[in-house]
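Below you'll find the structure, written out as structure tokens, and then a few comments.
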Amino acid sequence: MTPNGYQGQPVKLLNATQAAYAAAFFFLPLSKAFLFILLGIAFMLFAAGGGFSKAVREWRSLPWTWPALILAALPVMSLLIHPASSHKPLANLENSYYWIIALMTFLAASQMPILAWIRALLLGIFVGFCYAQLPYKGWWPLDPPSLIANYILYSQFLAIGVVLLSILYKYETSKAIRAVYGAGMALFFVGLASGMGRTGMWVVLVLLPFIITNLFARQNRVKAAALCVIAGVALLMAPTVQKRIKDAASDMQLLQQNVTHTSLGYRAEMWKTAWGVFQDHPLVGGGQAGFEAAWASRATADEAKAFVEPHNAFLFFASFYGIFGLLALLWLYGALLLSGWRQRQSFEGRTVLAFALILVLCSFTNTVFMGSVSRAWVMLFLGLQGALLYRAQNKGQHA
């Protein structure tokens with residue numbers, strides 16, 4: 001599909017931009033190097049083709065704009081207020097300049113369809129999933145795929161895959177392609193059930209009603225409820241999940257005995273530490289050094305001393321940047337949910353809504369704004385809100 005208003009050479013450049021973004025989404029779960037190289041190429045092609053200037057002229061604000069600007073500015077302000085820690089003192093500035101990815105993706109998505117980008121991402125997740133499943137790794141010529149950097153990130157990508165495939169299934173008319181989407185959902189679901197990441201399991205379990213209802217052309221609450229129960233039980237009864245549940249129960253028992261050298265124990269201690277920093281510095285937070293100092297005084301095990309954030313996005317922004325950070329994050333999430341909900345009947349709106357739900361759920365157990373790959377998928381999906389403007393523009397032209 002060629003965006004209206006472009007002719008000749010600009011059309012070729014915009015088509016190249018579309019391809020570059022699709023390639024970037026494909027490599028998002030596979031290679032950080034290729035991801036950022038392709039994003040840079042996409043940005044330059046978009047500007048060279050006139051897409052940037054056209055998008056800026058026609059740009060209309062969405063509710064997420066102001067909280068996004070605040071969140072982008074806070075790391076810089078915090079560095080001016082608080083002394084930097086000795087451990088990577090400028091690391092948190094990445095939470096400022098990474099917003100360029102969200103902005104450029106937003107402007108591009110406001111000018112062109114995003115379906116190819118979503119399909120490319122799912123293909124990339126599938127390749128990474130295959131790499132993780134197969135015992136022989138020699139066939140992959142690059143460094144190990146980014147999505148297997150840790151099991152939390154891996155489970156997040158599988159959860160994203162399940163949710164996005166259900167949306168594609170809903171809006172697809174070809175039975176053959178729907179069968180492919182269904183098979184992909186089943187594979188990723190099995191990957192979640194056999195993996196160690198609890199974040200992705202938590203997301204899929206909570207969003208099962210959303211996922212299941214996407215599989216029906218018409219509302220059928222009885223069938224949807226039955227499938228939700230079957231899928232939920234299947235996930236919870238998987239041997240790996242059962243082991244994780246037993247481990248969690250054991251961690252809780254140990255935590256009651258003040259033994260915190262466990263997965264849940266570390267997380268509980270980090271949350272207490274972050275909340276304490278927020279209570280001590282409610283307005284501007286304690287900055288990067290504030291949490292690190294508080295955690296260093298609390299952590300005893302060597303493995304725990306390496307943690308530099310609380311594994312919770314809400315407590316991260318509260319402890320690092322104070323009430324302004326926490327309120328800006330809540331504002332951003334509320335704006336995302338509102339934008340997606342208002343246009344939930346469209347593919348673009350449903351994608352934005354699904355991303356907002358995934359982001360909120362992941363934020364309870366993981367600081368999704370930390371880590372280059374995690375931060376990148378958040379920024380890219382934030383940018384997909386521009387597709388709502390693209391849809392509204394095309395709808396107006398065809399009205």
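Letters A, B, ... go to the chains of the structure tokens in the order shown; residues in each chain start at 1; ligands are counted from 1 in the same order.
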Env of region 33-50 of chain A: 6 Å cut, atoms = only C-alpha atoms, seq-sep filter 5 positions within chain, self excluded. Answer as a PyMOL selection string.
chain A and resi 10+13-14+17+20-21+24+27-28
Write the selection just made, keeping C-alpha atoms, as a short mmCIF file (atom, residue, chain, number, x, y, z; two decimals), in the first residue's frame?
```cif
data_model
loop_
_atom_site.label_atom_id
_atom_site.label_comp_id
_atom_site.auth_asym_id
_atom_site.auth_seq_id
_atom_site.Cartn_x
_atom_site.Cartn_y
_atom_site.Cartn_z
CA PRO A 10 9.58 9.59 -2.41
CA LEU A 13 12.07 5.77 -0.33
CA LEU A 14 8.91 5.28 1.72
CA THR A 17 11.48 2.69 4.86
CA ALA A 20 13.70 -1.37 6.78
CA TYR A 21 11.21 -1.16 9.66
CA ALA A 24 14.19 -4.08 12.27
CA PHE A 27 15.74 -8.64 14.25
CA LEU A 28 14.31 -7.16 17.47
#
```
May I have the residues within 9 Å of Thr65 (chain A) as a PyMOL selection string, using only C-alpha atoms and disregarding those fewer than 5 positions away in the same chain?
chain A and resi 70+332+335
Need the shell around Phe317 (chain A): protein/DNA/RNA residues with any atom at most 9 Å away, counting only C-alpha atoms. Skip same-chain ones fewer than 3 positions apart. Format as a list in words?
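Within the cut-off, the hits are Leu71, Gly285, Asn312, Ala313, Phe314, Phe320, Tyr321, Gly322, Ile323, Phe324, Gly325, Leu326, Leu327, Ala328 and Leu329 of chain A.
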Within 12 Å of region 363-383 of chain A, which residues of region 252-287 of chain A show up? Give each one with its shortest atom-to-atom distance in Å (one decimal) and the two atoms involved, counting only C-alpha atoms, rows by chain then rising residue number, as a Markdown table.
```
| residue | atom | partner | partner_atom | distance |
| --- | --- | --- | --- | --- |
| A:Ser263 | CA | A:Thr365 | CA | 11.6 |
| A:Leu264 | CA | A:Thr365 | CA | 10.3 |
| A:Tyr266 | CA | A:Thr365 | CA | 12.0 |
| A:Arg267 | CA | A:Thr365 | CA | 8.5 |
| A:Ala268 | CA | A:Thr365 | CA | 10.5 |
| A:Met270 | CA | A:Thr365 | CA | 11.2 |
| A:Trp271 | CA | A:Thr365 | CA | 10.1 |
```
Just to be explicit: take each residue in the selection above, keep C-alpha atoms, and write the result as a PDB file, in the first residue's frame.
```pdb
ATOM      1  CA  SER A 263      14.050 -15.783  43.716  1.00  0.00           C
ATOM      2  CA  LEU A 264      10.950 -14.359  45.392  1.00  0.00           C
ATOM      3  CA  TYR A 266      15.315 -11.206  46.422  1.00  0.00           C
ATOM      4  CA  ARG A 267      12.400  -9.606  44.626  1.00  0.00           C
ATOM      5  CA  ALA A 268      10.570  -8.862  47.883  1.00  0.00           C
ATOM      6  CA  MET A 270      14.276  -5.194  46.252  1.00  0.00           C
ATOM      7  CA  TRP A 271      10.689  -3.966  46.387  1.00  0.00           C
TER       8      TRP A 271
END
```
Residues of region 182-295 of chain A within 12 Å of region 339-354 of chain A: nearest atom pair and distance (Å, one decimal) for each, counting only C-alpha atoms, sorted by chain and number, as JSON lines?
```
{"residue": "A:Val203", "atom": "CA", "partner": "A:Ala354", "partner_atom": "CA", "distance": 10.7}
{"residue": "A:Val204", "atom": "CA", "partner": "A:Ala354", "partner_atom": "CA", "distance": 11.2}
{"residue": "A:Val206", "atom": "CA", "partner": "A:Ala354", "partner_atom": "CA", "distance": 11.8}
{"residue": "A:Leu207", "atom": "CA", "partner": "A:Ala354", "partner_atom": "CA", "distance": 8.8}
{"residue": "A:Leu208", "atom": "CA", "partner": "A:Ala354", "partner_atom": "CA", "distance": 11.6}
{"residue": "A:Pro209", "atom": "CA", "partner": "A:Ala354", "partner_atom": "CA", "distance": 11.9}
{"residue": "A:Phe210", "atom": "CA", "partner": "A:Ala354", "partner_atom": "CA", "distance": 8.5}
{"residue": "A:Ile211", "atom": "CA", "partner": "A:Ala354", "partner_atom": "CA", "distance": 9.4}
{"residue": "A:Asn214", "atom": "CA", "partner": "A:Arg350", "partner_atom": "CA", "distance": 9.9}
```
Which residues are near region 244-251 of chain A? Cut-off 12 Å, only C-alpha atoms, ignore same chain within fewer than 3 positions. Put them as a PyMOL selection string.
chain A and resi 193-199+201-202+235-241+254-268
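Rounded to one decimal, CA of Glu309 (chain A) and CA of Gly124 (chain A) lie 28.4 Å from each other.
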Quick one: residues within 12 Å of Arg178 (chain A), only C-alpha atoms counted, chain neighbours fewer than 2 positions away excluded, as a PyMOL selection string?
chain A and resi 165-176+180-185+214-216
If you run DSSP on the backbone here, which positions in region 34-109 of chain A get alpha helix (DSSP H)? Please write them as number ranges by chain.
A: 34-48, 51-58, 65-81, 94-97, 99-109
Nearest to Pro141 (chain A), restricted to only C-alpha atoms and choosing among A:Ala387, A:Ala23, A:Leu357, A:Leu30, comes out as A:Leu30
When you look at Tyr97 (chain A) with a cut-off of 12 Å (counting only C-alpha atoms), what residues show up, excluding the ones that are within fewer than 3 positions of it in the same chain? I need them as a ChimeraX atom specification.
/A:68-69,71-76,90-94,100-104,372,375-376,379
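The nearest approach to Trp331 (chain A) among the residues A:Pro29, A:Gly51, A:Pro67, A:Pro113, with only C-alpha atoms taken into account, belongs to A:Pro67.
Each of A:Ser319, A:Asn394, A:Gln385, A:Thr213 was checked against Ser78 (chain A) using only C-alpha atoms; the smallest atom-to-atom distance is that of A:Ser319.
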Given only C-alpha atoms as the basis, pick out the residue of A:Met252, A:Val163, A:Leu121, A:Leu337 nearest to Phe25 (chain A).
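Going through A:Met252, A:Val163, A:Leu121, A:Leu337 one by one, the smallest distance to Phe25 (chain A) is for A:Leu121.
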Give me, as a count of residues only, all polymer residues having an atom no more than 9 Å from Ile148 (chain A), counting only C-alpha atoms and skipping those fewer than 3 positions away in the same chain.
12
